[in-house]
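One structure below.
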Amino acid sequence: MSTKGKSRRALLIESVTGLSAAWVATNYPGILAAQKHVRLAAKAGQLPHLAFFTNAQAAEIEAMAAQIIPTDETPGAREAHCLYFIDRALSTFARASQPLYTQGLQDLQAKTQQIYPEGGKFSTLDSERQIKVLIEIEKTPFFRTVRTHTVLGFFARPVHGGNYEKIGWKLIGYDDSLNHKPPFGYYDAQPQPPARA
Amino acid sequence: MKRFSTSSEVDFIVIGSGAAGGIMAKQLSVAGFSVLVLEQGNWGKYGREHEYNKDEWLQRNLSDEDRLMSDPTQQRNTFRPNDKVKAVSGTHSYGCVVGGGTVTYGGSSWRHLPYEFQELSHDPTIPSGTAMADWPVTYEELEPYYTQAEWEIGISGLRVNSPFLAPMSKDYPVPPVPLKSSGALFNTAAAKLGLTVVPGPLAIITQPYMGRAACVNCGICSGYGCQVRARSSSAVTVLPIAEKTGRCEIRVKSYVREISVDNSGRVTGVIYFDAQKREIRQKAKSVILSANASESARLLLMSKSARFPEGLANSSGMVGKHVMFGNVVNVGALFEHPLNEYKGVISGAGIVDYVHSDPKRGFYGGGRMTARGYLTPFELGLEGLSPEAPRWGAGYKKALREEANHRMTITSFVTQLPLETNRIDLDPEVKDSWGLPAMRITSTAHADDKKNMEFFRQKSIEILQAAGAKKIWAPPVNEARGGAHNRGTCRMGNDPKTSVVDKYHRAHDVPNLFIVDGSNLVTGGRNHPTLTIQALAFRAAENIVRAAKNGTLRTSA
């Protein structure tokens, strides 16, 4: 890789993300992959392919995420593409969690079989049964990590792969523009009592 | 920018570039002296602040190059509540970038009240057995420097004449931040309970000022660098002025491990590790130590010599003692209508009626209550819901939808009694990433501090009820074990036996060493130390310049 070429790509990424060149140099492969996947996916109108999970693992993680933030009358973790955020995270900043996921997925399958011997995979159980399995493991580091990553994926800037079409932000009424004007909320829009001081 | 060679002798080395270090660098370089600022952190986005991103995920994953705070796995520290137990790994962290903690702080800029400088003499309720002492400086002496700090740094606020606030000789340079819904609810409660609400003074400008833009209420504020340079950090106020003199160099990634002395007991310079952890010696005629209360004490204790076997400037044995951390009380509530507290600054209005200690309460203590509720999407989603809300599933999603933007928090900033047993020293076993002794924190709050925190917890509940809260949660009070607002480890005083620096910040033991930062605070005030640190720095600089010019401090200028 020529220095020149690297610096040009670094500049490109910097312009997209506001990251410094030094940071990009350190984290270059991961961030490039993340940005590229998201951009390509958006262009093709398709979901990005996975960098860490196998398709089979992805189905299990997505099923877990969809129980953590379910789809009801509004979209949930599945529609927000939290899976893709987690996959990107495990290939970049959260690499250290890879073994936790690999082992956790095996434990999830074992727990599923223990409770529902005829049930097959966790992802193929009905919702009620999935919830029962997750209640069994909700104190484990694996579940807590998937929960954290699902929530982060739901609320991170969409450029990181999740929060697709700002689904997460819409749920909580979060306006991500960087310029707000008062009144900000209901109470400061009301007439105020005279100051005592 | 000026570059000094390591073989040259500068007039002043300033260790640290935060609230105090930035001011010292500016005042001394403008006065004509050569100044080398040694900052252990990196540049951040100094001079290109628009590059500060507001991306929560990236902010949580900053590289070492882009860090704004120290990393407790590198700047390692340990904690123990008292001497009887072994210290365990600690989480203490502080601003670690050009501009120090002011780059990311919330910006609260309250003055100390006049009597807080002589509180021991004025308050009969102070319990015996504490290390409470009068300052060698009065409010009247410091008042002009508070004004100078407010106008040179750029503080927004409203000058209010009230027995609960320090009197001011001049208005704030720019008006206060706009009222938020949490402040409006303070108004509602205050009207019912007869309390006093004032806009919080903030180091965030609300109008263009000194070449900087006004706050745009982006909402990603405390903890983040400010994109529009509205936060009046040292990095956008005093340090650029210092650099423009052509006499000031800011040298980053310079981790000082020793302040060196000669046989006569005078400081000769420092030894620091550069970015590659190479040891560099730099000579100076005088050293200004502005590394924050925790690190300044540690550096003095590490600077042992034949002449100062217990650490530099420590003949009193007082270096590191009387550390005070930032005790706060948080009470949360939900309201019927949206507050949208995520917009705008972190802290707007304050209720100030309980700043004074009151003997009727049966303990010593006071504080200020601030209206808050700011939660980023990550903070809300991870830990921000009310305590009974489910943490996943349909109930979690419902709570997210219902509680988002309806939340308010009262954060009370309270007094802390200085105790000799609470201190910073060197851990006998644990080392930091440079192989130096880790900082060890020993701290347990006085019983009155805990009673005071409980008092503010109850008051918060009353106020939130009066404001019409639908639901209130008030977790048990918890004392700080490190973090921002650390104060008191090199207290100033007239007696060299009981204090570390004199009233002009000169070390009692070392004629050309000055310690200027939160470490000098004799008492903690009502928390919120930054503006007092800044006022002290302006005053210290003026006296150091005078000493240098009248020949009582050797310089080349």
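Every chain in the structure tokens takes a letter, A first, then B, and so on in the order presented; its residues are numbered from 1, and the ligands are numbered from 1 following the presented order.
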For the interface of chain A with chain B (cut-off 7 Å, counting only C-alpha atoms), please tabulate each contacting residue of chain A alongside its nearest pair of atoms and their separation in Å to one decimal, rows sorted by chain and increasing number, as a tab-separated table.
residue	atom	partner	partner_atom	distance
A:Gly18	CA	B:Glu51	CA	5.7
A:Trp23	CA	B:Ser63	CA	6.2
A:Gln67	CA	B:Gly393	CA	5.5
A:Ile68	CA	B:Gly393	CA	4.6
A:Ile69	CA	B:Gly393	CA	5.5
A:Pro70	CA	B:Ala394	CA	6.1
A:Phe93	CA	B:Asn61	CA	6.5
A:Thr148	CA	B:Leu382	CA	6.7
A:Val151	CA	B:Gly381	CA	6.0
A:Leu152	CA	B:Phe378	CA	6.2
A:Phe155	CA	B:Pro377	CA	5.8
A:Ala156	CA	B:Trp57	CA	6.0
A:Arg157	CA	B:Asp55	CA	6.6
A:Leu171	CA	B:Arg401	CA	5.9
A:Ile172	CA	B:Arg401	CA	5.3
A:Leu178	CA	B:Cys218	CA	4.2
A:Asn179	CA	B:Cys218	CA	4.9
A:His180	CA	B:Asn217	CA	5.2
A:Lys181	CA	B:Asn217	CA	6.9
A:Pro182	CA	B:Pro178	CA	6.9
A:Phe184	CA	B:Asn340	CA	6.0
A:Gly185	CA	B:Leu339	CA	4.3
A:Tyr186	CA	B:Pro338	CA	5.7
A:Tyr187	CA	B:Ser181	CA	4.8
A:Asp188	CA	B:Ser181	CA	4.4
A:Gln192	CA	B:Ala184	CA	6.9
A:Pro193	CA	B:Asn187	CA	6.6
A:Arg196	CA	B:Thr196	CA	6.0
A:Ala197	CA	B:Thr196	CA	5.8
Identify all residues of range 21-207 of chain B in strand (DSSP E) (DSSP on the backbone) and supply them as a PDB file with C-alpha atoms, in the first residue's frame.
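Generated file (states-v5.pdb):
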ATOM      1  CA  VAL B  35       6.946  29.771  28.654  1.00  0.00           C
ATOM      2  CA  LEU B  36       6.977  26.071  27.914  1.00  0.00           C
ATOM      3  CA  VAL B  37       3.689  24.278  28.601  1.00  0.00           C
ATOM      4  CA  LEU B  38       4.089  20.534  29.130  1.00  0.00           C
ATOM      5  CA  ASN B  77      -4.853   4.680  40.145  1.00  0.00           C
ATOM      6  CA  THR B  78      -6.076   2.794  43.164  1.00  0.00           C
ATOM      7  CA  PHE B  79      -8.716   3.513  45.782  1.00  0.00           C
ATOM      8  CA  ARG B  80      -9.316   2.602  49.391  1.00  0.00           C
ATOM      9  CA  VAL B  88      -8.108  -1.734  44.782  1.00  0.00           C
ATOM     10  CA  SER B  89      -7.991  -0.666  41.149  1.00  0.00           C
ATOM     11  CA  VAL B 197     -34.100  30.229  40.971  1.00  0.00           C
ATOM     12  CA  VAL B 198     -31.199  31.753  39.064  1.00  0.00           C
ATOM     13  CA  PRO B 199     -29.747  30.883  35.660  1.00  0.00           C
TER      14      PRO B 199
END
Write out as a count of residues only which residues come within 6 Å of range 159-162 of chain A when counting only C-alpha atoms, dropping same-chain ones fewer than 4 positions away. 8
Set the distance at 12 Å and use only C-alpha atoms: which residues neighbour Thr530 in chain B once local chain neighbours fewer than 2 positions away are removed? I'd like the list as a VMD selection string. chain B and resid 18 to 20 100 to 102 105 to 112 146 149 to 150 153 155 201 to 203 232 to 234 292 to 293 326 484 to 487 517 to 519 521 524 to 528 532 to 537
Contact residues around Leu239 in chain B with only C-alpha atoms at 7 Å, ignoring same-chain residues under 3 positions, as an MDAnalysis selection string: chainID B and resid 22 25:26 234:236 242:243
Can you tell me, as a ChimeraX atom specification, which residues in range 60-188 of chain A count as alpha helix (DSSP H) by DSSP? /A:60-68,82-91,98-115,127-137,141-155,167-171
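Considering only C-alpha atoms, the residue among B:Gly246, B:Gly435, B:Gly129, B:Pro418 positioned nearest to Lys321 in chain B is B:Pro418.
Near range 121-130 of chain A, within 6 Å and counting only C-alpha atoms, sit A:Glu60, A:Ala63, A:Thr112; same-chain residues fewer than 5 positions away were not included.
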Quick check, in Å to one decimal: how far apart do CA of Ser315 in chain B and CA of Pro437 in chain B lie? 20.6 Å
